[in-house]
Amino acid sequence: MGTYIFRLSDIGEGVAEAEIVAWHVKVGDRVEEDQVLVDMMTDKATVEMTSPVSGVVQALYGEVGTFVPVGSNLLEFAVADGAATAAAAPAAAPAQAPAPVERARARAPEAAPARRAPAAKMSQPDSLPLASPATRRFAQERGINLRFVPGTGPAGRITREDVEAFAAGPASAGQARSPLRAKRTGVTETKLVGLRRAIAERMQEAKRRIPHFGYVEEFDMTELESLRRALNASKATDQPRLTLLPFFMRALVQTLPDFPNVNARFDDDAGVVSASAGVHIGIATQTDRGLMVPVIRHAETLSLWESARELIRVTQAARDGSAPRDLLSGSTITLTSLGALGGISTTPVINRPEVAIIGPNKLVERPVVVAGQIVIRAMMNVSSAFDHRIVDGHDAARFIQALKRLLESPALLFVESH
Amino acid sequence: MPAITTKVLVVGGGPGGYVAAIRCGQLGLDTVLVENGELGGTCLTRGCIPSKALIHAASQFDEMRCAAQQGGRFGISLTQPPLLDFAATGAWKDGVVAQLSGGVAALLKRAGVRVVKGWARFADAKSCVVDTPDPTSINAEHVILATGSVPVELKFLPFGGKVITSTEALSLAGLPRRLVVVGAGYIGLELGIAFRKLGAEVAIVELQDRILPLYDEKLVDPVRRWLAAHGVEMHLTARARGLDEAGDALIVEMGDGATIHLPADKFLVTVGRTPLTQGWGLENMALTMDGGFVQVDDRCHTAMKNVWAIGDLVGEPMLAHKASAQGEMVAEIIAGKRRRFDPVAIAAVCFTEPEIVSVGAGPDETGAGEIIVSSFPFAANGRALSMGAGKDGGFVRIVARKDDHRILGIQAVGQHVAELSGEFAHAVEMGALLEDVAGTIHVHPTLSEAFHEAALDGLGHAIHKASARSPA
């Protein structure tokens, strides 16, 4: 038998490292060629890595949440002697390859060396949790602090079973409870991994770096709504049903040439604003795994119907996980709509490095005063946020007013063109 | 210059370093160990092992000398006093050391560890040059520092000539007729007692008002009685001032201000050990220090990423078994396991006459909360009496919490009690209660029965003595 080391290959786009999101195999598993081994996530997408060989998994390098540099070891297989062994190692092995997680996936993340134990003094025995060395190691390997584990043994001794029950969570702790108004105890700690971690970091960066400037305006959508209904009523069967978003896309496409600094990406490290001629609209999309923003490229080339079709295509791809990396990057402005959940107003977070985000809110019929008369109109608030470093309040307001003009008189969408 | 690049570099081949290296090898890590002297370090080559060999030989000699005295012992008498060939004793001791050191070399080899003989000097935290005939440079991803410690030197009593360290005391060519020991810690007492048993006149000078200051009075008392009964000259509250002009006598300032001269052939200075932090480039490694020690966290990780330090270098207790445990742990951490150094207690043993063992807290060291202190004397233990070991005042003592009977500490003094240290440490480490020990059937007739009885005593119903506490 030979050994095959499976390394993280270069997954493109200058990706230097990727995060282990999920292992699909464990040590000892027999793996066939092309079987999925691990999900690796870059800042752009999650990639399934498949096995180039058949063999038995000997070691996994890193646990879920670990960042692995491109080229470093991911798995080790025992394989039948043959060509695979020779092909295993790229010429330059990374110098900083982490050690395998021997027989288990318990590689400790590189903890900060802050926990300082007094070297010269032993703790008083009676200040330590009462547990045998084997139980203590069992807990250590699972990252469980025994101080929080209730012991069931004599004098409160913590047994291995106590640790297991604690690790399994309060539901299985076996405490008797009244079915009615039982006290809810326990805290579930979940390490942020994968998309959720990426979202957290991106949101944090956007809010930390960008001085957001918010602007909310009321749009009268009555005419647009009657047009939309008419179009939907007469559409061909192979045409998609129109929502409001394709109209917003069309309005953006027509408005943005007058506001080049709104359709832009700002590299704040370099201090360079890249105003884009093409309009690449990010569509904030809720998926099972969290928020994703697939991109409709060159929206200016799409008709209303094509916009609707493209909208369905990209959001579908994001939701079913089939979106390739390039579908998830490169937008120059983002639309975020909660649809019927849209509320009165939102404070959208800019999809960095863009400089603007538009968030239509809920459409409601409301009494409004038109020419001295109270009439029922279909009204919608449109929230927006701008990077105040790039977009001045005056220009932002003018931009939203231009959008409003087009959307309130939708005929303009079809007669005006640059 | 030959260059080695390795996953793990271990500096020091003592009980910390060689254990770390073997464990690294077992875990499949590419490992290089650098050692300047013999494998085994202080412990194996100039500490624990040779001193125990000398102590054993001394005890044998002492037994036979007793047998040669009027009436003999156990009905055994010798018609002539035994003869000591001190050089032959030394050769036997050296054989033991050589066998063990060779064993370490074989174990390292089997674990796939490369041993480089020489003195390492670090240029930065991850690379060093070893002064092999053709100097070897070593680059490592992980560095385990296990350089150990050296005897503390007194400025006014510098080592050299008649002033010797424990290392020289263990390799003397001849038996000193008269030996002065400066410092009544465990090293000074172990060696002082051994030389006394071999027939040397021994005087001990100690700055404090008592011997073995790390142990409580009751534990130390049997040793004090032995010293008194065997004519060891004790000078407590006495300050060594240096040798006289001729270099033949130690000038000692007594507590009352008087000055005395203690003539001797050898002056053994055992006032402690200090971590070896000089001469190998520690200053180039950007580590954080903790006094004289290298500061580490509970994984023995230093302030520098992937630089680890273990054993005497990182603090008290400076004991071989602590170093080994840390070395084993660090190897496993480097291999990706989650480990912390979290012993409840590290047992310490004095191979004095009689021996002392201490694990965990003594009666005065438990902090808050009511405790039970129970004990059992070896004078009431059949095995001790049948070995002639029942009359030196020895006993086993247990310190336990009063509310739940958890054992916090165990101490013993008596002949051969060092071998009980494992059971004591195990009980404390497992978090045993008095009931656990009381419920464990101990073999009769052994010394360990005294431990069982001490636990029963804590519960108020020792069998072979009247317990002070009411039975529970």
# chains A, B, ... in the order shown; residues from 1 in each chain; ligands from 1
>>> interface_residues(of="chain B", to="chain A", cutoff="7 Å", atoms="only C-alpha atoms", output="ChimeraX atom specification")
/B:296-298,301,303,314-317,335-339,344-345,360,366,404,406,408,429-431
>>> residues_around(residues="segment 284-291 of chain A", least_positions_apart="6", cutoff="10 Å", atoms="only C-alpha atoms", output="ChimeraX atom specification")
/A:194-196,198-199,314-321,334-338,351,357,359
>>> write_last_selection(atoms="C-alpha atoms", output="JSON list (two decimals), in the first residue's frame")
[["chain", "number", "residue", "atom", "x", "y", "z"],
["A", 194, "GLY", "CA", -18.60, 28.95, 5.97],
["A", 195, "LEU", "CA", -21.08, 31.35, 4.49],
["A", 196, "ARG", "CA", -22.31, 32.60, 7.85],
["A", 198, "ALA", "CA", -18.20, 35.17, 5.46],
["A", 199, "ILE", "CA", -21.40, 37.17, 5.82],
["A", 314, "VAL", "CA", -29.38, 34.15, -10.92],
["A", 315, "THR", "CA", -31.46, 33.98, -7.77],
["A", 316, "GLN", "CA", -32.29, 30.36, -8.54],
["A", 317, "ALA", "CA", -28.61, 29.55, -8.99],
["A", 318, "ALA", "CA", -27.78, 31.20, -5.67],
["A", 319, "ARG", "CA", -30.55, 29.33, -3.87],
["A", 320, "ASP", "CA", -29.72, 25.87, -5.20],
["A", 321, "GLY", "CA", -25.99, 26.37, -4.68],
["A", 334, "THR", "CA", -27.10, 46.24, -5.43],
["A", 335, "LEU", "CA", -30.85, 45.89, -5.15],
["A", 336, "THR", "CA", -32.19, 44.49, -1.91],
["A", 337, "SER", "CA", -35.87, 43.83, -1.52],
["A", 338, "LEU", "CA", -37.68, 41.97, 1.21],
["A", 351, "ASN", "CA", -22.33, 45.54, -0.57],
["A", 357, "ILE", "CA", -27.60, 50.03, -2.43],
["A", 359, "GLY", "CA", -33.98, 48.79, -1.08]]
>>> closest_residue(among="A:Val355, A:Ala340, A:Ala371, A:Ala200", to="Val391 of chain A", atoms="only C-alpha atoms")
A:Val355
>>> atom_distance(atom1="atom CA of Asp265 of chain B", atom2="atom CA of Val182 of chain B")
13.6 Å
>>> atom_distance(atom1="atom CA of Thr255 of chain A", atom2="atom CA of Val293 of chain A")
21.8 Å
>>> residues_around(residues="segment 392-397 of chain B", least_positions_apart="3", cutoff="10 Å", atoms="only C-alpha atoms", output="VMD selection string")
chain B and resid 218 to 223 225 to 226 353 to 358 362 to 363 373 to 381 384 388 to 389 400 409 to 415 417 420 447 to 455 457 to 458
>>> select_by_dssp(residues="segment 251-415 of chain A", states="strand (DSSP E or B)", output="count of residues only")
53
>>> select_by_dssp(residues="segment 215-443 of chain B", states="alpha helix (DSSP H)", output="MDAnalysis selection string")
chainID B and resid 217:229 320:334 382:386 421:430 434:438
>>> residues_around(residues="Gly37 of chain B", least_positions_apart="3", cutoff="10 Å", atoms="only C-alpha atoms", output="compact mmCIF listing (two decimals) with C-alpha atoms, in the first residue's frame")
# COMPACT_ATOMS: atom_id res chain seq x y z
CA GLY B 12 18.19 19.29 25.37
CA GLY B 13 18.26 15.54 25.83
CA GLY B 14 17.11 15.35 29.44
CA VAL B 34 20.33 18.49 20.02
CA GLY B 40 19.42 11.63 29.66
CA GLY B 41 20.43 15.05 30.87
CA THR B 42 20.91 16.08 34.46
CA THR B 45 23.65 11.39 34.08
CA LYS B 117 25.61 16.09 19.38
CA GLY B 118 26.73 19.57 20.18
CA TRP B 119 25.84 22.93 21.60
>>> residues_around(residues="Gln69 of chain B", least_positions_apart="4", cutoff="8 Å", atoms="only C-alpha atoms", output="ChimeraX atom specification")
/B:65,77-78,81
>>> write_last_selection(atoms="N, CA and C atoms", output="mmCIF file, in the first residue's frame")
data_model
loop_
_atom_site.group_PDB
_atom_site.id
_atom_site.type_symbol
_atom_site.label_atom_id
_atom_site.label_comp_id
_atom_site.auth_asym_id
_atom_site.auth_seq_id
_atom_site.Cartn_x
_atom_site.Cartn_y
_atom_site.Cartn_z
ATOM 1 N N ARG B 65 27.553 -2.399 57.983
ATOM 2 C CA ARG B 65 28.335 -1.883 59.097
ATOM 3 C C ARG B 65 27.582 -2.113 60.413
ATOM 4 N N SER B 77 25.351 -11.104 61.829
ATOM 5 C CA SER B 77 26.487 -10.287 62.225
ATOM 6 C C SER B 77 27.669 -10.581 61.318
ATOM 7 N N LEU B 78 28.490 -9.601 61.174
ATOM 8 C CA LEU B 78 29.711 -9.768 60.398
ATOM 9 C C LEU B 78 30.875 -9.712 61.356
ATOM 10 N N PRO B 81 34.123 -5.303 59.860
ATOM 11 C CA PRO B 81 33.387 -4.235 59.192
ATOM 12 C C PRO B 81 33.527 -4.383 57.674
#
>>> residues_around(residues="segment 101-115 of chain B", least_positions_apart="2", cutoff="7 Å", atoms="only C-alpha atoms", output="list in words")
Ala21, Ile22, Gly25, Gln26, Thr31, Val32, Leu33, Val34, Glu38, Leu39, Gly40, Val97, Ala98, Gln99 and Lys117 of chain B
>>> write_last_selection(atoms="C-alpha atoms", output="PDB file, in the first residue's frame")
ATOM      1  CA  ALA B  21      11.424  13.806  20.971  1.00  0.00           C
ATOM      2  CA  ILE B  22      10.354  10.161  21.311  1.00  0.00           C
ATOM      3  CA  GLY B  25       8.762  10.477  16.576  1.00  0.00           C
ATOM      4  CA  GLN B  26       5.893   8.189  17.547  1.00  0.00           C
ATOM      5  CA  THR B  31      12.288  15.462  14.731  1.00  0.00           C
ATOM      6  CA  VAL B  32      15.850  16.492  15.554  1.00  0.00           C
ATOM      7  CA  LEU B  33      17.232  16.497  19.087  1.00  0.00           C
ATOM      8  CA  VAL B  34      20.331  18.486  20.015  1.00  0.00           C
ATOM      9  CA  GLU B  38      25.140  12.493  27.318  1.00  0.00           C
ATOM     10  CA  LEU B  39      21.535  11.610  26.529  1.00  0.00           C
ATOM     11  CA  GLY B  40      19.422  11.626  29.658  1.00  0.00           C
ATOM     12  CA  VAL B  97      24.043   5.509  33.997  1.00  0.00           C
ATOM     13  CA  ALA B  98      25.660   4.226  30.795  1.00  0.00           C
ATOM     14  CA  GLN B  99      23.041   1.505  30.438  1.00  0.00           C
ATOM     15  CA  LYS B 117      25.613  16.087  19.383  1.00  0.00           C
TER      16      LYS B 117
END
>>> residues_around(residues="Glu206 of chain B", least_positions_apart="5", cutoff="9 Å", atoms="only C-alpha atoms", output="PyMOL selection string")
chain B and resi 181-185+211+234-240+271
